[in-house]
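> Here you go, work38.cif (mmCIF, C-alpha atoms):
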data_structure
#
loop_
_atom_site.label_atom_id
_atom_site.label_comp_id
_atom_site.auth_asym_id
_atom_site.auth_seq_id
_atom_site.Cartn_x
_atom_site.Cartn_y
_atom_site.Cartn_z
CA MET A 483 27.81 -23.92 20.89
CA SER A 484 31.14 -22.58 19.68
CA ASN A 485 32.40 -19.51 21.42
CA PRO A 486 34.32 -17.45 18.87
CA PRO A 487 37.90 -16.73 19.93
CA ARG A 488 38.54 -13.18 21.02
CA ALA A 489 40.70 -10.87 18.95
CA ARG A 490 42.84 -8.39 20.84
CA ALA A 491 40.54 -5.52 21.76
CA VAL A 492 41.51 -1.92 21.12
CA GLY A 493 38.31 -0.46 22.57
CA THR A 494 35.53 -1.89 24.70
CA MET A 495 32.29 -0.60 26.12
CA GLU A 496 30.18 -2.52 28.59
CA LEU A 497 26.69 -1.44 29.51
CA VAL A 498 24.02 -2.79 31.80
CA ILE A 499 20.59 -1.67 30.72
CA GLY A 500 17.09 -2.24 32.00
CA ASN A 501 14.43 -4.14 30.06
CA ASP A 502 12.96 -0.96 28.63
CA THR A 503 13.36 -0.12 24.95
CA ALA A 504 13.99 3.56 25.76
CA GLN A 505 17.32 2.48 27.25
CA ILE A 506 18.50 1.18 23.88
CA ALA A 507 19.45 4.79 23.18
CA ARG A 508 22.40 4.30 25.57
CA VAL A 509 23.59 1.37 23.51
CA SER A 510 23.45 3.26 20.22
CA GLU A 511 25.30 6.20 21.78
CA ALA A 512 28.04 3.84 22.96
CA MET A 513 28.30 2.30 19.48
CA ASP A 514 28.53 5.77 17.92
CA ARG A 515 31.32 6.73 20.31
CA LEU A 516 33.34 3.62 19.52
CA ALA A 517 32.87 4.25 15.81
CA VAL A 518 34.29 7.75 16.13
CA GLU A 519 37.21 6.59 18.28
CA HIS A 520 38.09 3.70 15.98
CA GLY A 521 37.33 5.07 12.53
CA ILE A 522 34.43 2.77 11.69
CA ALA A 523 32.88 3.94 8.42
CA PRO A 524 29.21 4.98 8.13
CA THR A 525 28.00 1.86 6.29
CA PRO A 526 29.30 -0.73 8.77
CA LEU A 527 28.26 1.58 11.61
CA VAL A 528 24.64 1.62 10.43
CA GLN A 529 24.70 -2.15 10.08
CA LEU A 530 26.10 -2.57 13.59
CA GLN A 531 23.48 -0.17 14.97
CA VAL A 532 20.66 -2.05 13.26
CA ALA A 533 21.94 -5.40 14.56
CA LEU A 534 22.28 -4.03 18.10
CA ASP A 535 18.78 -2.58 18.06
CA GLU A 536 17.25 -5.77 16.68
CA MET A 537 18.89 -8.10 19.16
CA VAL A 538 18.68 -5.93 22.29
CA SER A 539 15.00 -5.19 21.62
CA ASN A 540 14.45 -8.91 21.03
CA VAL A 541 15.78 -9.71 24.49
CA ILE A 542 13.65 -6.98 26.05
CA LYS A 543 10.52 -8.27 24.30
CA TYR A 544 10.95 -12.02 24.77
CA ALA A 545 13.35 -12.90 27.60
CA TRP A 546 11.03 -12.24 30.52
CA PRO A 547 7.45 -13.16 29.60
CA GLN A 548 6.49 -12.91 33.28
CA GLY A 549 7.30 -9.17 33.23
CA GLY A 550 9.05 -7.27 36.01
CA SER A 551 12.31 -5.32 36.05
CA HIS A 552 15.38 -7.06 34.71
CA THR A 553 18.76 -6.10 33.32
CA LEU A 554 20.83 -7.27 30.40
CA GLN A 555 24.49 -6.76 29.57
CA VAL A 556 25.80 -5.44 26.30
CA ARG A 557 29.51 -5.58 25.54
CA ILE A 558 30.88 -4.03 22.36
CA GLU A 559 34.49 -4.76 21.58
CA VAL A 560 36.46 -3.24 18.73
CA ALA A 561 39.53 -5.19 17.63
CA LEU A 562 41.69 -5.03 14.56
CA GLY A 563 39.38 -5.52 11.60
CA GLN A 564 36.28 -6.47 13.52
CA VAL A 565 33.61 -5.46 15.99
CA ARG A 566 32.27 -8.05 18.39
CA ILE A 567 28.98 -7.67 20.26
CA ASP A 568 27.96 -9.88 23.19
CA ILE A 569 24.49 -9.59 24.68
CA SER A 570 23.75 -11.53 27.89
CA ASP A 571 20.55 -11.93 29.86
CA ASP A 572 19.18 -14.26 32.53
CA GLY A 573 15.76 -14.69 30.91
CA ARG A 574 14.20 -17.85 29.56
CA PRO A 575 16.33 -19.85 27.09
CA PHE A 576 15.84 -18.21 23.74
CA ASP A 577 17.84 -18.63 20.54
CA PRO A 578 16.92 -15.74 18.23
CA ARG A 579 18.31 -17.69 15.27
CA ASP A 580 15.23 -19.92 15.54
CA ALA A 581 12.96 -17.02 14.59
CA PRO A 582 11.04 -17.75 11.40
CA ALA A 583 12.33 -16.05 8.26
CA PRO A 584 10.17 -13.25 6.86
CA GLN A 585 7.32 -14.74 4.88
CA THR A 586 7.34 -14.12 1.18
CA PRO A 587 4.13 -12.21 0.56
CA LEU A 588 1.54 -13.61 -1.83
CA PRO A 589 1.58 -11.92 -5.24
CA GLY A 590 0.05 -8.48 -4.97
CA LYS A 591 0.16 -8.55 -1.16
CA ARG A 592 2.36 -6.52 1.11
CA PRO A 593 4.90 -8.26 3.33
CA ARG A 594 3.84 -8.62 6.97
CA PRO A 595 5.96 -7.40 9.85
CA GLY A 596 7.91 -10.15 11.56
CA GLY A 597 11.19 -11.96 11.10
CA LEU A 598 12.77 -8.94 9.49
CA GLY A 599 15.10 -8.11 12.37
CA VAL A 600 16.81 -11.50 12.41
CA HIS A 601 16.97 -11.45 8.61
CA MET A 602 18.86 -8.14 8.71
CA VAL A 603 21.25 -9.39 11.39
CA ARG A 604 22.08 -12.42 9.25
CA GLN A 605 22.77 -10.17 6.27
CA PHE A 606 24.92 -7.68 8.16
CA MET A 607 26.96 -9.79 10.57
CA ASP A 608 29.71 -12.27 9.74
CA ARG A 609 29.01 -14.41 12.80
CA PHE A 610 25.74 -14.75 14.67
CA GLU A 611 25.87 -17.27 17.50
CA TYR A 612 23.92 -18.21 20.56
CA ALA A 613 24.80 -20.21 23.65
CA ARG A 614 22.93 -21.00 26.86
CA ILE A 615 25.55 -20.89 29.60
CA ASP A 616 24.06 -22.08 32.92
CA THR A 617 21.18 -19.66 33.37
CA VAL A 618 22.39 -17.07 30.88
CA ASN A 619 21.55 -16.46 27.23
CA ARG A 620 24.63 -15.27 25.43
CA LEU A 621 24.35 -13.90 21.94
CA THR A 622 27.53 -13.13 20.03
CA MET A 623 27.71 -11.19 16.78
CA ILE A 624 30.89 -10.34 14.91
CA LYS A 625 31.22 -7.98 12.01
CA ARG A 626 34.42 -7.66 10.05
CA CYS A 627 35.12 -4.08 9.07
CA ASP A 628 38.04 -1.67 8.90
CA THR A 629 39.05 -0.26 12.28
CA ASP A 630 41.94 1.88 13.45
CA ASN A 631 44.13 -0.49 15.38
CA THR A 632 45.55 2.19 17.63
CA GLU A 633 44.55 2.57 21.27
CA PRO A 634 42.58 5.79 21.75
CA MET B 967 19.56 16.69 22.77
CA THR B 968 21.29 13.48 21.91
CA VAL B 969 22.06 12.08 18.51
CA ASN B 970 19.56 9.36 19.27
CA SER B 971 16.48 11.44 19.18
CA LEU B 972 14.02 11.10 16.39
CA GLU B 973 12.66 14.44 15.31
CA ILE B 974 9.33 14.67 13.54
CA ALA B 975 8.49 17.95 11.84
CA GLU B 976 4.93 18.31 10.60
CA THR B 977 4.01 20.73 7.84
CA ARG B 978 1.04 21.12 5.52
CA SER B 979 1.36 21.52 1.80
CA GLY B 980 -1.95 21.99 0.02
CA THR B 981 -4.13 19.05 1.04
CA ALA B 982 -1.15 16.96 2.16
CA CYS B 983 0.41 16.58 5.57
CA VAL B 984 4.17 16.08 5.43
CA LEU B 985 6.03 14.38 8.28
CA ALA B 986 9.73 15.04 7.89
CA LEU B 987 11.73 12.60 9.99
CA ALA B 988 15.28 13.22 11.16
CA GLY B 989 17.69 11.02 13.08
CA ARG B 990 17.40 7.32 13.75
CA ILE B 991 14.19 5.31 13.96
CA ASP B 992 14.70 2.27 16.14
CA SER B 993 12.91 0.36 18.85
CA SER B 994 13.61 3.14 21.37
CA ASN B 995 11.50 5.66 19.47
CA ALA B 996 9.39 3.92 16.79
CA GLU B 997 6.41 4.22 19.13
CA GLN B 998 6.71 8.01 18.97
CA PHE B 999 6.40 7.84 15.16
CA SER B 1000 3.57 5.31 15.35
CA VAL B 1001 1.54 7.44 17.76
CA ARG B 1002 1.91 10.50 15.54
CA VAL B 1003 0.73 8.63 12.44
CA GLU B 1004 -2.22 7.11 14.32
CA GLN B 1005 -3.28 10.50 15.64
CA LEU B 1006 -3.26 11.93 12.13
CA PHE B 1007 -5.36 9.09 10.69
CA GLN B 1008 -7.76 9.28 13.63
CA ALA B 1009 -8.14 13.00 12.98
CA GLY B 1010 -9.21 12.12 9.43
CA GLU B 1011 -5.98 12.79 7.54
CA LYS B 1012 -6.35 11.59 3.93
CA ASP B 1013 -2.98 12.48 2.46
CA LEU B 1014 0.16 11.72 4.42
CA VAL B 1015 3.69 12.06 3.04
CA VAL B 1016 6.64 10.80 5.11
CA ASP B 1017 10.00 12.29 4.16
CA PHE B 1018 13.10 10.21 5.06
CA LYS B 1019 15.68 12.60 3.65
CA GLU B 1020 17.25 13.36 7.05
CA VAL B 1021 16.97 9.84 8.46
CA LEU B 1022 20.26 8.15 9.40
CA TYR B 1023 18.87 4.63 9.57
CA LEU B 1024 15.80 2.64 10.53
CA THR B 1025 15.32 -0.80 12.03
CA SER B 1026 12.54 -3.39 11.83
CA ALA B 1027 10.63 -1.49 14.54
CA ALA B 1028 10.20 1.34 12.03
CA PHE B 1029 9.32 -0.97 9.14
CA ARG B 1030 6.61 -2.45 11.32
CA VAL B 1031 5.10 1.01 11.87
CA LEU B 1032 5.24 1.74 8.13
CA LEU B 1033 3.55 -1.55 7.19
CA LEU B 1034 0.79 -1.10 9.75
CA ALA B 1035 0.29 2.53 8.70
CA THR B 1036 -0.04 1.43 5.08
CA ASP B 1037 -2.80 -0.99 6.12
CA GLU B 1038 -4.51 1.73 8.11
CA ALA B 1039 -4.35 4.14 5.18
CA GLU B 1040 -5.94 1.52 2.94
CA ARG B 1041 -8.80 1.02 5.39
CA ASN B 1042 -9.28 4.79 5.55
CA THR B 1043 -8.93 5.26 1.78
CA ALA B 1044 -6.13 7.67 2.60
CA ARG B 1045 -2.87 8.18 0.74
CA PHE B 1046 0.30 7.17 2.61
CA VAL B 1047 3.47 7.74 0.62
CA LEU B 1048 7.18 7.82 1.37
CA CYS B 1049 9.89 9.98 -0.15
CA GLY B 1050 13.54 10.95 0.27
CA ILE B 1051 14.69 7.34 0.61
CA MET B 1052 18.36 7.45 -0.38
CA GLY B 1053 21.77 5.98 0.36
CA GLN B 1054 21.94 3.75 3.40
CA VAL B 1055 18.28 4.17 4.20
CA ARG B 1056 17.46 2.91 0.72
CA ASP B 1057 19.82 -0.04 1.25
CA LEU B 1058 17.88 -0.97 4.40
CA PHE B 1059 14.55 -0.88 2.56
CA GLU B 1060 16.05 -3.06 -0.17
CA MET B 1061 17.57 -5.45 2.33
CA GLY B 1062 14.15 -5.98 3.86
CA GLY B 1063 12.61 -6.47 0.40
CA LEU B 1064 10.35 -3.57 1.30
CA LEU B 1065 10.83 -0.95 -1.39
CA ASP B 1066 7.93 -2.45 -3.35
CA ALA B 1067 5.72 -2.65 -0.29
CA PHE B 1068 5.16 1.09 -0.19
CA THR B 1069 4.35 3.91 -2.54
CA VAL B 1070 7.72 5.62 -2.84
CA HIS B 1071 8.53 8.91 -4.53
CA VAL B 1072 12.05 10.18 -5.13
CA SER B 1073 11.53 13.59 -3.56
CA ARG B 1074 8.99 15.47 -1.52
CA GLU B 1075 8.28 17.65 -4.53
CA GLU B 1076 7.41 14.62 -6.60
CA ALA B 1077 5.30 13.14 -3.81
CA LEU B 1078 3.30 16.36 -3.54
CA ALA B 1079 2.97 16.77 -7.32
CA GLN B 1080 1.27 13.39 -7.68
CA PRO B 1081 -1.65 13.37 -5.27
CA GLY B 1082 -3.50 10.10 -5.05
#
How would this structure read if it were set down as structure tokens?

Amino acid sequence: MSNPPRARAVGTMELVIGNDTAQIARVSEAMDRLAVEHGIAPTPLVQLQVALDEMVSNVIKYAWPQGGSHTLQVRIEVALGQVRIDISDDGRPFDPRDAPAPQTPLPGKRPRPGGLGVHMVRQFMDRFEYARIDTVNRLTMIKRCDTDNTEP
Amino acid sequence: MTVNSLEIAETRSGTACVLALAGRIDSSNAEQFSVRVEQLFQAGEKDLVVDFKEVLYLTSAAFRVLLLATDEAERNTARFVLCGIMGQVRDLFEMGGLLDAFTVHVSREEALAQPG
């Protein structure tokens, strides 16, 4: 349950979104804005966007099996040489790292959907950690990439 | 219009229907793509080409739609082919081990020149 130490932030965005996948658009817009402000190159930006979409949609799909309206928090923090993403929700305890890996298809068969999102997050992010803190699921992802270290 | 929107332009070329996608395909809009593909198959479409040339990136929500559409095409004895997969979009297909899962042509021209 390690909580990675924080690097000094040069740009932060915090969003509260509803448990509705349409609202993920607000998260990707925020990530795009930070990338422009802090000179994050297209390749790491795409990888950050994919990881955000996978993990935020995961929370929306699995955190509240009973349904109803809920909110989750997304914090994106750019620091020198890294981007840190924290996603928090008050749903049921759920460690996305436990998701099964994508199954290797049988010869001549197509792969089946499932497990791909977590697989991509593992490939793209340098740290991928989960903690249950009281009643909150906290997912932390860190990607090392070049950033402008100037304040906007 | 925000940079988030997925645009789907539908054109016909001979017997083929081409869906040219532009923007990002993620869990906020994959349903929009899925519904369009389903409608086409339900209407009896037998030759569907999806062009990714203007796509910025796609996430597992989009791969799911593509895998299910490929199954559906097989059941309908329809052709479902992809083209214009380049750069970062290609990297994402490769990362998912999915380039071999689909019939992929380099360009739209090539996809249309090789009907199934």
> Provide as a PyMOL selection string the residues of chain B at most 8 Å from chain A, counting all atoms listed in the file.
chain B and resi 969-970+992-995+1022-1026+1029-1030+1033+1054+1061-1062+1064+1067
> Using the chain letters and residue numbers of this document, give as a ChimeraX atom specification the residues selected by the PyMOL selection byres ((chain A and resi 607) around 10).
/A:526,529-530,533,565-566,602-606,608-610,623-626
> Would you please work out which residue, of B:Arg1041, B:Gly1063, B:Leu972, B:Leu1014, is nearest to Gln585 (chain A) when using only C-alpha atoms?
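Answer, going by the shortest atom-to-atom distance: B:Gly1063.
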> Could you please determine the separation between CA of Asp630 (chain A) and CA of His520 (chain A) in Å, to one decimal place?
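Between these atoms lies a distance of 5.0 Å.
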> What do you get, as a ChimeraX atom specification, if you spell out every residue that the PyMOL selection byres ((chain B and resi 998-1006) around 9) selects here?
/B:972,974,983,985,987,991,994-997,1007-1012,1014,1028,1031-1032,1034-1035,1038
